[in-house]
Amino acid sequence: MKYHLITLGCQMNISDSERVKTVVEGMGFKWTDNEEEASLLGIIACSVRQKSIDKVYARIRKWNKRKDRESIITFISGCVLPADKKKFLKTFDLIFPMNELLLFPKMIREYGIVTPASLQKSNKGELVEPANEVNDFKLTSIIEKKAKLNSDDIHLAINAKDVDINEFWDIVPDYNSDFEAFIPIQNGCDKFCTYCAVPYTRGREVSRPSGEIIDELKTLVDKGYKSITLLGQNVNSYGLDKKGEEISFAELLHEIGKYGDETGKDFWLYFTSPHPRDMGNDVIDAIASYKCIAKQIHLPLQSGDDEILEKMNRKHKLEDYRQIVNYIREKLPQASLFTDIIVGFTGETEEQFENSRRAIEEFKFNMAYVAIYSPRPGAVSARWDDDIPMRVKKERLHKLGDELKIHSYKYNQQFKDKDVRVLVTGVEKRSGYLSAYTETKIPVRIYSKDKSMIGQFVSIKTTAVTDFSFAGEIIDNE
Ligand code: SF4
C-alpha cells in the first residue's frame, strides 16, 4: 500500500506534514513520488491564496476520476476555511483538522480499509480486526457522517473545537531532513490582521508546553541537527495564552541558550515569525546572550505607513518598529534583519507606498519578502475593493526590490574575501556547486562537489558577493 501527500503553503504546513507522514507510515503505507500508484492520497491545504485552493480542486478532480477503476482514498487537512470545508466534503473522502491526526488510523478503518496497524492480536496471536470497533472510535467532534449519493463512500467531517492539540504535538515527526528541523511551539493566531485568514483556519493561539519543546530540541541536537527553527504564527506571544502558567518566549530562549552553553553542542537556533507588537527588549537580550541563538531576525513590517498598518489591524506603528530595530542594532550589530512587506493593499496611495520604500531605506533590511496584495478568501479585507491595478502593484514590487538590493549589497560587501562559517545544505542546480547559508541566513554557493559535507558546518573564504548571496571556497571542513 502506497501513499502520496501534497503539502501546500507555509513552513507550518511543512512541519505538520512531517507528523502526518509518521501516522500514515505507522498504518503500513509506504511513500511514493508517483501519485498514480498511491492508494492513499492526501493534501495538506493552504487557504492563504485562491491559487492554492484552485490547486486543491484541480488535484481532487484528477484523483476522483481514478475512482471509476480503482479503490483509492483521498483526504484533506491543514488550513481549510469553514466555508471550504463543506465544499471539500463533497469531493474528498476524509476531511479532518490537524489536531485529530492521531485518529486518522481509526478513520481509515471505519472507512473499510484494513491496515496492519489497525489490526489487533487475537488470543492465538493472529492479527484480527478489533471488536467493538465503532464504540472504540472516540471521535467526539464528528459533525457529519453520511453516505454519499450514488456510492457507498462514507464521509467524515470533523470539527476542531474542543480537541487537544497537545496530542498532535506528541507525535514524533518524520523529519524531512537529518540536519535541519522545525519545532512547532504554538498553533493558531489571535491577531486578526485584516488580510489574513489564519485565525479562521487554525483557530486561536495555543502554546505547546515548554518542556516538550525543549525535549524535542535536545533530541534533535543529540542526533546532530545543526539548524533548528522554532515555529509559530506569532512565536513571541508564546505562553501568553497560559496566563502565567507557562514561561515567556524570552524565557524559552534563555532555557535553550543555557542548554547550548552548558553542553557546548554546536547548532544554530532560529525562530519565525515574531510580531512587532510582542517584540520586547527581553527577546533581543536573550538572542544576544547565547552563542547558539542565531543572529538573524525576521520581523514582518508589512507596511511603512501608519494608516495602512491600522487598516491591516497590525496594532503597531512605524515608530514602534523603529524602536525595536534601534535596540536590535544596539545589542546585535552583527545581526541580519529580514522582513515581509505587502504592496498594493486596498487603497494604498503612492505616498503610502513611498513610506514602505523609505522604511526599507531606513532599516536597511537584508531581505524583504515582498508580496503583491491579493484578497485572501475568508479574510476581512476580501470584502473590500481590491482597487490597486496589477500594473501599479508590479511597479511597486520592483521599486522595493531595487531599494532592497542597495542595502543588502552594501551589507554583503563587508564579507568579501573574509572567512565565514556556513552550513552546507545541498547541491546547487548548477553542477559543481554546493548550497549553504551563513548564521545570518545569507545564501552561499560553494565551489565543491563533495556531497559528504551536506549537513556539516564548514568555513569558507568568500570569493564573490552579490546583491543577496555569497560565493566561496572551502578553507576548513570541520
Ligand atoms: S499575525 Fe496576522 S498575518 Fe500573522 S498569522 Fe496572525 S493574522 Fe495572519
# chains A, B, ... in the order shown; residues from 1 in each chain; ligands from 1

$ residues_around --residues "Ser39 (chain A)" --least-positions-apart "3" --cutoff "9 Å" --atoms "only C-alpha atoms" --output "list of chain:residue names"
A:Met1, A:Lys2, A:Tyr3, A:His4, A:Phe29, A:Glu35, A:Glu36, A:Glu70, A:Ser71, A:Ile72, A:Ile73, A:Thr74

$ residues_around --residues "Asn313 (chain A)" --least-positions-apart "5" --cutoff "9 Å" --atoms "only C-alpha atoms" --output "list of chain:residue names"
A:Lys191, A:Phe192, A:Cys193, A:Thr194, A:Tyr195, A:Ile308

$ write_last_selection --atoms "N, CA and C atoms" --output "short mmCIF file (atom, residue, chain, number, x, y, z; two decimals), in the first residue's frame"
data_model
loop_
_atom_site.label_atom_id
_atom_site.label_comp_id
_atom_site.auth_asym_id
_atom_site.auth_seq_id
_atom_site.Cartn_x
_atom_site.Cartn_y
_atom_site.Cartn_z
N LYS A 191 -4.24 37.50 16.36
CA LYS A 191 -4.00 38.89 15.95
C LYS A 191 -5.05 39.42 14.96
N PHE A 192 -5.62 38.60 14.14
CA PHE A 192 -6.67 39.01 13.20
C PHE A 192 -6.25 40.17 12.29
N CYS A 193 -5.11 40.04 11.64
CA CYS A 193 -4.75 41.02 10.62
C CYS A 193 -5.82 40.92 9.53
N THR A 194 -6.22 42.07 8.98
CA THR A 194 -7.40 42.05 8.11
C THR A 194 -7.17 41.31 6.79
N TYR A 195 -5.90 41.14 6.39
CA TYR A 195 -5.63 40.49 5.10
C TYR A 195 -5.43 38.97 5.26
N ILE A 308 -1.99 52.56 6.73
CA ILE A 308 -2.15 51.20 6.16
C ILE A 308 -1.99 50.16 7.26
#

$ residues_near_ligand --ligand "ligand 1" --cutoff "7 Å" --atoms "only C-alpha atoms and all ligand atoms" --output "number ranges by chain"
A: 189-193, 196-199, 233-234, 275, 314

$ residues_around --residues "Glu319 (chain A)" --least-positions-apart "3" --cutoff "12 Å" --atoms "only C-alpha atoms" --output "list in words"
Pro276, Arg277, Leu301, Gly304, Asp305, Asp306, Leu309, Lys315, His316, Arg322, Gln323, Ile324, Val325, Asn326, Ala359, Glu362 and Phe363 of chain A

$ residues_around --residues "region 448-463 of chain A" --least-positions-apart "6" --cutoff "10 Å" --atoms "only C-alpha atoms" --output "ChimeraX atom specification"
/A:177-180,224-227,266-267,415-428,431-438,470-478

$ residues_around --residues "Ser210 (chain A)" --least-positions-apart "6" --cutoff "8 Å" --atoms "only C-alpha atoms" --output "number ranges by chain"
A: 185, 246-247, 252

$ select_by_dssp --residues "region 64-113 of chain A" --states "strand (DSSP E)" --output "list in words"
Ile73, Thr74, Phe75, Ile76, Ser77, Gly78, Leu94 and Ile95 of chain A

$ write_last_selection --atoms "C-alpha atoms" --output "PDB file, in the first residue's frame"
ATOM      1  CA  ILE A  73      -8.942   7.044  -0.527  1.00  0.00           C
ATOM      2  CA  THR A  74      -8.477  10.794  -0.550  1.00  0.00           C
ATOM      3  CA  PHE A  75      -8.126  13.126   2.438  1.00  0.00           C
ATOM      4  CA  ILE A  76      -7.538  16.782   3.139  1.00  0.00           C
ATOM      5  CA  SER A  77      -6.305  18.553   6.260  1.00  0.00           C
ATOM      6  CA  GLY A  78      -4.322  21.704   7.122  1.00  0.00           C
ATOM      7  CA  LEU A  94     -11.969  12.360   4.624  1.00  0.00           C
ATOM      8  CA  ILE A  95     -11.526  15.852   5.977  1.00  0.00           C
TER       9      ILE A  95
END

$ atom_distance --atom1 "CA of Ser374 (chain A)" --atom2 "CA of Thr91 (chain A)"
26.4 Å

$ atom_distance --atom1 "CA of Val380 (chain A)" --atom2 "CA of Gln302 (chain A)"
16.3 Å

$ residues_around --residues "region 236-241 of chain A" --least-positions-apart "2" --cutoff "8 Å" --atoms "only C-alpha atoms" --output "JSON, numbers by chain"
{"A": [185, 186, 205, 206, 207, 234, 243, 244, 245, 246, 247, 248, 249, 250, 273, 274, 275, 278, 279, 283]}

$ atom_distance --atom1 "CA of Thr346 (chain A)" --atom2 "CA of Asp385 (chain A)"
6.4 Å

$ decode --residues "region 188-276 of chain A" --atoms "C-alpha atoms" --output "mmCIF file, in the first residue's frame"
data_model
loop_
_atom_site.group_PDB
_atom_site.id
_atom_site.type_symbol
_atom_site.label_atom_id
_atom_site.label_comp_id
_atom_site.auth_asym_id
_atom_site.auth_seq_id
_atom_site.Cartn_x
_atom_site.Cartn_y
_atom_site.Cartn_z
ATOM 1 C CA GLY A 188 -3.193 29.433 15.767
ATOM 2 C CA CYS A 189 -3.244 33.198 15.949
ATOM 3 C CA ASP A 190 -5.051 35.864 17.997
ATOM 4 C CA LYS A 191 -4.004 38.890 15.948
ATOM 5 C CA PHE A 192 -6.672 39.013 13.200
ATOM 6 C CA CYS A 193 -4.750 41.021 10.615
ATOM 7 C CA THR A 194 -7.399 42.046 8.113
ATOM 8 C CA TYR A 195 -5.630 40.486 5.099
ATOM 9 C CA CYS A 196 -5.093 37.087 6.725
ATOM 10 C CA ALA A 197 -7.307 34.023 7.165
ATOM 11 C CA VAL A 198 -5.097 32.078 9.592
ATOM 12 C CA PRO A 199 -7.141 32.824 12.759
ATOM 13 C CA TYR A 200 -10.173 31.325 10.961
ATOM 14 C CA THR A 201 -8.385 28.218 9.702
ATOM 15 C CA ARG A 202 -6.085 27.396 12.621
ATOM 16 C CA GLY A 203 -8.096 28.949 15.430
ATOM 17 C CA ARG A 204 -6.847 30.856 18.474
ATOM 18 C CA GLU A 205 -3.307 30.728 19.823
ATOM 19 C CA VAL A 206 -2.364 27.671 21.862
ATOM 20 C CA SER A 207 1.164 27.315 23.254
ATOM 21 C CA ARG A 208 2.855 23.938 23.374
ATOM 22 C CA PRO A 209 4.292 23.000 26.787
ATOM 23 C CA SER A 210 7.859 24.325 27.070
ATOM 24 C CA GLY A 211 9.110 21.009 28.497
ATOM 25 C CA GLU A 212 8.082 19.217 25.298
ATOM 26 C CA ILE A 213 9.691 21.870 23.095
ATOM 27 C CA ILE A 214 12.976 21.612 24.973
ATOM 28 C CA ASP A 215 12.845 17.789 24.928
ATOM 29 C CA GLU A 216 12.300 17.777 21.153
ATOM 30 C CA LEU A 217 15.160 20.230 20.723
ATOM 31 C CA LYS A 218 17.550 18.158 22.874
ATOM 32 C CA THR A 219 16.667 15.008 20.934
ATOM 33 C CA LEU A 220 17.396 16.773 17.649
ATOM 34 C CA VAL A 221 20.671 18.254 18.886
ATOM 35 C CA ASP A 222 21.757 14.835 20.216
ATOM 36 C CA LYS A 223 21.089 13.395 16.775
ATOM 37 C CA GLY A 224 23.396 16.026 15.280
ATOM 38 C CA TYR A 225 20.854 18.503 13.867
ATOM 39 C CA LYS A 226 22.604 21.781 13.071
ATOM 40 C CA SER A 227 19.784 24.203 12.276
ATOM 41 C CA ILE A 228 16.600 24.238 14.331
ATOM 42 C CA THR A 229 13.742 26.699 13.891
ATOM 43 C CA LEU A 230 11.070 27.365 16.491
ATOM 44 C CA LEU A 231 7.853 27.758 14.538
ATOM 45 C CA GLY A 232 4.623 29.601 15.205
ATOM 46 C CA GLN A 233 2.343 32.256 13.761
ATOM 47 C CA ASN A 234 3.488 34.693 16.481
ATOM 48 C CA VAL A 235 6.335 32.997 18.291
ATOM 49 C CA ASN A 236 6.969 35.884 20.654
ATOM 50 C CA SER A 237 3.461 35.774 22.118
ATOM 51 C CA TYR A 238 4.358 32.230 23.189
ATOM 52 C CA GLY A 239 2.973 31.423 26.650
ATOM 53 C CA LEU A 240 0.563 34.377 26.881
ATOM 54 C CA ASP A 241 -2.490 32.129 26.412
ATOM 55 C CA LYS A 242 -1.465 30.165 29.536
ATOM 56 C CA LYS A 243 -1.862 33.255 31.731
ATOM 57 C CA GLY A 244 1.198 32.886 33.947
ATOM 58 C CA GLU A 245 1.346 29.086 33.917
ATOM 59 C CA GLU A 246 3.934 28.885 31.150
ATOM 60 C CA ILE A 247 7.259 30.636 30.607
ATOM 61 C CA SER A 248 7.501 33.528 28.141
ATOM 62 C CA PHE A 249 9.179 33.360 24.729
ATOM 63 C CA ALA A 250 12.253 35.194 26.070
ATOM 64 C CA GLU A 251 12.481 32.670 28.923
ATOM 65 C CA LEU A 252 12.182 29.816 26.432
ATOM 66 C CA LEU A 253 15.142 31.256 24.505
ATOM 67 C CA HIS A 254 17.118 31.504 27.770
ATOM 68 C CA GLU A 255 16.383 27.847 28.562
ATOM 69 C CA ILE A 256 17.604 26.758 25.132
ATOM 70 C CA GLY A 257 20.572 29.129 25.246
ATOM 71 C CA LYS A 258 21.664 27.777 28.658
ATOM 72 C CA TYR A 259 21.393 24.219 27.341
ATOM 73 C CA GLY A 260 23.600 25.197 24.383
ATOM 74 C CA ASP A 261 26.177 26.863 26.660
ATOM 75 C CA GLU A 262 26.263 24.066 29.233
ATOM 76 C CA THR A 263 26.609 21.232 26.725
ATOM 77 C CA GLY A 264 28.781 23.090 24.216
ATOM 78 C CA LYS A 265 26.696 21.479 21.447
ATOM 79 C CA ASP A 266 27.065 23.103 18.073
ATOM 80 C CA PHE A 267 23.796 24.257 16.486
ATOM 81 C CA TRP A 268 22.037 27.404 15.278
ATOM 82 C CA LEU A 269 18.623 28.188 16.697
ATOM 83 C CA TYR A 270 16.217 30.319 14.636
ATOM 84 C CA PHE A 271 12.605 31.337 15.169
ATOM 85 C CA THR A 272 9.860 32.513 12.834
ATOM 86 C CA SER A 273 7.830 34.645 12.823
ATOM 87 C CA PRO A 274 7.667 37.123 15.667
ATOM 88 C CA HIS A 275 5.155 40.002 15.682
ATOM 89 C CA PRO A 276 6.398 43.563 16.290
#
